[in-house]
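Structure record follows, encoded as structure tokens.
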Amino acid sequence: MNKTININLGGFFFHIDEIAFQKLKRYLDSISRSLSDDPQGKNEIISDIEARISELLSEKITDARQVVNEGDIDEVIKIMGQPEDYADAEEGYANENYSYQRRTNSSSKKLFRDGDDKFLGGVASGIAHYFNVDTVWIRLAFILLAFSGFSIVTYIILWIVIPEAATTAEKLQMEGEPVNIDNIEKKIREEFSNVSETIKNTANDVTGKIKDGASKVNDGIKKGSKKANSGLQDFLDTLGTIILTIFKIIGKFIGVILMFVAAITLISLIIGAFSIGSLEIIGFENDFIMYPPFFYDSMMPHWLLTVCTFLVIGIPFLILFVLGLRILSSNVKQFSKATSLTLFGIWLAAVLALVFTGIEFSTTKASDGNNIENIDLNTMANDTITLKMVKNEELYYNRNNFRRNIDVVYQNDVKKLSSTDVYIDVEKSDSDKAYLQIRKYSEGRNKLKASKNAENISYNYTINGNEILLDNYFISEYKNAFKDEDVYIKLFIPNNVTVYFDNSTKRYLRNIENTTNTYDREMAKHYFIMTDEGLHSKELKALKEVEEE
């Protein structure tokens with residue numbers, strides 16, 4: 001019959017037989033002796049070891065009346081390991097014939113909240129330890145899912161359900177480290193080292209402040225004043241801590257905003273660069289893409305200019321993204337000097353390429369040019385000229401909208417532009433003859449090139465007796481998309497010649513002076529006769545007189 005003893009181990013009560021108690025006591029005394037030469041954190045280490053032994057025994061003892069026996073202690077010692085690295089402990093233990101071989105046992109990870117690396121509750125850092133990933137990626141996942149509301153609820157639930165790693169043993173289990181003597185001691189000494197360093201730095205700061213302010217201290221300050229100052233200092237310290245915490249939260253929020261905006265921008269740029277630049281590299285052109293004006297008539301291909309635009313915008317946002325990550329987690333390192341210089345060099349080269357292209361584009365619009373063609377009309381007094389606009393049905397139903405009034409077309413497999421910037425005007429002829437003037441306008445680097453561009457504009461019309469059929473479009477070079485090209489049609493007629501504006505001309509009439517002050521679009525479907533005072537419509541004049549009455 002063995003005598004049983006009630007013990008308190010790590011905050012839990014156990015019934016243990018006398019032989020097992022003596023063995024456990026010798027084991028703990030041996031560990032204590034192994035730490036005697038370096039007493040820093042000794043009590044903390046022993047306390048954590050006792051807590052871990054208590055946890056192991058609790059797993060074995062399922063009934064409160066069950067007694068811990070010698071075999072249970074042997075299994076615990078095998079798991080915890082022997083302090084054989086310490087000579088004193090090894091000798092003491094050898095005398096008791098406990099020659100268990102030390103071993104490093106594996107320990108499965110457990111999910112805890114990490115209170116030492118937390119932004120709110122330490123949930124993200126705990127999950128990061130469990131899955132062995134960087135904490136910043138778990139936090140980023142919660143942030144990205146926060147817009148759905150799912151991650152907020154999940155985070156709160158996990159915060160409530162998952163316990164915080166409070167003891168050294170729990171911190172080791174959280175990190176997947178074996179909970180034995182070596183790791184417990186190592187963990188505690190690391191924590192003590194960090195605390196000591198913090199205390200040392202704080203002491204140095206306080207000492208420096210005391211030395212700097214020593215000359216200002218009055219020897220006659222009373223004890224009551226010191227207490228008052230101490231209370232005021234505590235209040236100010238607390239207030240400073242609150243303000244600092246608020247600034248930290250604001251800083252984290254700014255980091256989230258920077259990361260979110262930068263990520264959306266970078267993703268958009270990558271998709272845009274792929275859909276535009278890469279497709280042109282393989283020879284595919286998208287007619288629905290509207291490039292910036294300076295892309296046209298440039299010596300550089302569109303795909304290269306697209307890549308340069310991506311780099312000019314993307315590199316700064318990449319830096320902002322990394323900056324946001326660094327605000328959220330100190331584990332994210334900044335770019336190395338070589339990487340920073342390389343990115344800056346690439347960005348500067350892309351900026352210079354775009355600047356050069358922009359300057360080149362501005363020179364292509366430096367001068368105006370016109371090409372004028374006059375066509376005589378066999379018209380006599382009292383004749384009526386009819387103006388009609390004709391549209392190309394094939395172009396109309398197969399157009400690829402480029403921008404307002406301009407479409408992309410192909411002629412003999414050559415990419416061209418079709419524009420409806422055609423305008424009609426009517427003026428009095430300076431002679432007794434009627435004639436039609438076609439003026440084509442364009443821009444260029446100089447007068448000669450501008451005139452050449454205007455001459456290359458293709459515009460067609462047909463004259464059938466007194467009926468003039470005008471195309472409602474013209475064809476131009478694709479590179480001249482932003483050279484503000486237009487076709488101006490002006491009909492010059494002498495007195496007593498009548499002109500009829502067909503309804504098809506309605507949107508093409510521009511600034512036509514007339515004696516009845518009729519708006520351009522209202523002139524369609526009406527007859528106007530040229531007089532000394534200008535175009536005159538008896539019908540519209542009579543109508544206006546009736547309206548005025």
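Naming scheme: A, B, ... for chains in displayed order of the structure tokens; residues 1 onward per chain; ligands 1 onward as shown.
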
Find the spatial neighbours of Gln22 (chain A), counting only C-alpha atoms, within a cut-off of 12 Å - ignore same-chain residues fewer than 3 positions away - and output them as a tab-separated table (two decimals) with N, CA and C atoms, in the first residue's frame.
```
chain	number	residue	atom	x	y	z
A	3	LYS	N	1.41	5.41	0.09
A	3	LYS	CA	0.85	6.62	0.67
A	3	LYS	C	0.60	7.63	-0.46
A	4	THR	N	-0.53	8.31	-0.46
A	4	THR	CA	-0.84	9.33	-1.47
A	4	THR	C	-0.73	10.72	-0.88
A	5	ILE	N	-0.37	11.65	-1.75
A	5	ILE	CA	-0.16	13.04	-1.34
A	5	ILE	C	-0.96	13.95	-2.27
A	7	ILE	N	-1.10	17.45	-4.11
A	7	ILE	CA	-0.18	18.53	-4.49
A	7	ILE	C	-0.88	19.53	-5.40
A	16	ILE	N	-1.25	12.01	-5.85
A	16	ILE	CA	-0.05	11.36	-6.35
A	16	ILE	C	0.50	10.45	-5.26
A	17	ASP	N	0.93	9.25	-5.65
A	17	ASP	CA	1.51	8.35	-4.63
A	17	ASP	C	2.90	8.83	-4.24
A	18	GLU	N	3.39	8.36	-3.11
A	18	GLU	CA	4.62	8.88	-2.51
A	18	GLU	C	5.83	8.65	-3.41
A	19	ILE	N	5.94	7.48	-4.03
A	19	ILE	CA	7.09	7.16	-4.89
A	19	ILE	C	7.12	8.09	-6.10
A	25	LYS	N	9.68	15.26	-7.56
A	25	LYS	CA	10.42	16.26	-6.80
A	25	LYS	C	11.89	16.27	-7.19
A	26	ARG	N	12.48	15.05	-7.30
A	26	ARG	CA	13.89	14.98	-7.69
A	26	ARG	C	14.10	15.55	-9.10
A	27	TYR	N	13.13	15.29	-9.99
A	27	TYR	CA	13.22	15.81	-11.37
A	27	TYR	C	13.20	17.34	-11.39
A	28	LEU	N	12.27	17.92	-10.65
A	28	LEU	CA	12.18	19.38	-10.62
A	28	LEU	C	13.38	20.00	-9.90
A	29	ASP	N	13.86	19.33	-8.83
A	29	ASP	CA	15.06	19.84	-8.14
A	29	ASP	C	16.27	19.80	-9.05
A	68	VAL	N	-1.94	9.74	-9.49
A	68	VAL	CA	-0.78	9.75	-10.37
A	68	VAL	C	0.25	8.78	-9.84
A	69	ASN	N	0.68	7.88	-10.72
A	69	ASN	CA	1.65	6.87	-10.27
A	69	ASN	C	3.00	7.10	-10.90
A	70	GLU	N	3.93	6.21	-10.58
A	70	GLU	CA	5.32	6.36	-11.05
A	70	GLU	C	5.42	6.27	-12.57
A	73	ILE	N	4.68	9.60	-14.19
A	73	ILE	CA	5.80	10.54	-14.08
A	73	ILE	C	6.90	10.18	-15.08
A	96	GLU	N	20.46	8.94	-8.75
A	96	GLU	CA	19.13	8.41	-8.48
A	96	GLU	C	18.73	7.34	-9.50
```

As a list in words, which residues of region 424-518 of chain A does DSSP assign to alpha helix (DSSP H)?
->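 In region 424-518 of chain A, DSSP puts these residues in alpha helix (DSSP H): Lys447, Leu448, Lys449, Ala450, Ser451, Lys452, Asn453, Ala454 and Glu455 of chain A.
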
Tell me which of A:Lys415, A:Asp376, A:Tyr130, A:Thr384 sits closest to Tyr435 (chain A), counting only C-alpha atoms.
->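 Distance minimum relative to Tyr435 (chain A) lands on A:Asp376.
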
Hey, what's within 12 Å of Ser476 (chain A) if we count only C-alpha atoms and toss same-chain stuff fewer than 4 positions away? As a PyMOL selection string, please?
-> chain A and resi 406-411+414-421+440-442+452-459+480-487

For Thr379 (chain A), which residue among A:Val355, A:Ile327, A:Val497, A:Met299 is the nearest when counting only C-alpha atoms?
->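 Of A:Val355, A:Ile327, A:Val497, A:Met299, the one nearest Thr379 (chain A) is A:Val497, counting only C-alpha atoms.
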
Using CA of Val76 (chain A) and CA of Gly126 (chain A) as the two end points, give the distance in Å to one decimal.
->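 Going from CA of Val76 (chain A) over to CA of Gly126 (chain A), I get 27.0 Å.
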
Counting only C-alpha atoms, what is within 10 Å of Gly10 (chain A), bar same-chain residues fewer than 5 positions away, as a ChimeraX atom specification?
-> /A:46-55

Please run DSSP on the backbone and report, as JSON, numbers by chain, all residues within region 228-474 of chain A that come out as strand (DSSP E).
-> {"A": [367, 368, 369, 370, 371, 372, 373, 374, 375, 376, 377, 384, 385, 386, 387, 388, 389, 390, 400, 401, 402, 403, 406, 407, 408, 409, 410, 411, 414, 415, 416, 417, 418, 419, 422, 423, 424, 425, 426, 427, 428, 434, 435, 436, 437, 438, 439, 440, 441, 442, 443, 444, 461, 462, 463, 464, 467, 468, 469, 470, 471, 474]}

How many Å lie between CA of Glu443 (chain A) and CA of Gly369 (chain A), rounded to one decimal?
->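 So the answer is 5.7 Å.
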
Spatial neighbours of Thr462 (chain A), 10 Å, only C-alpha atoms, chain gap at least 6 places, as a ChimeraX atom specification | /A:388,390,468-471

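Relative to CA of Asn382 (chain A), CA of Thr531 (chain A) is found at 11.6 Å.
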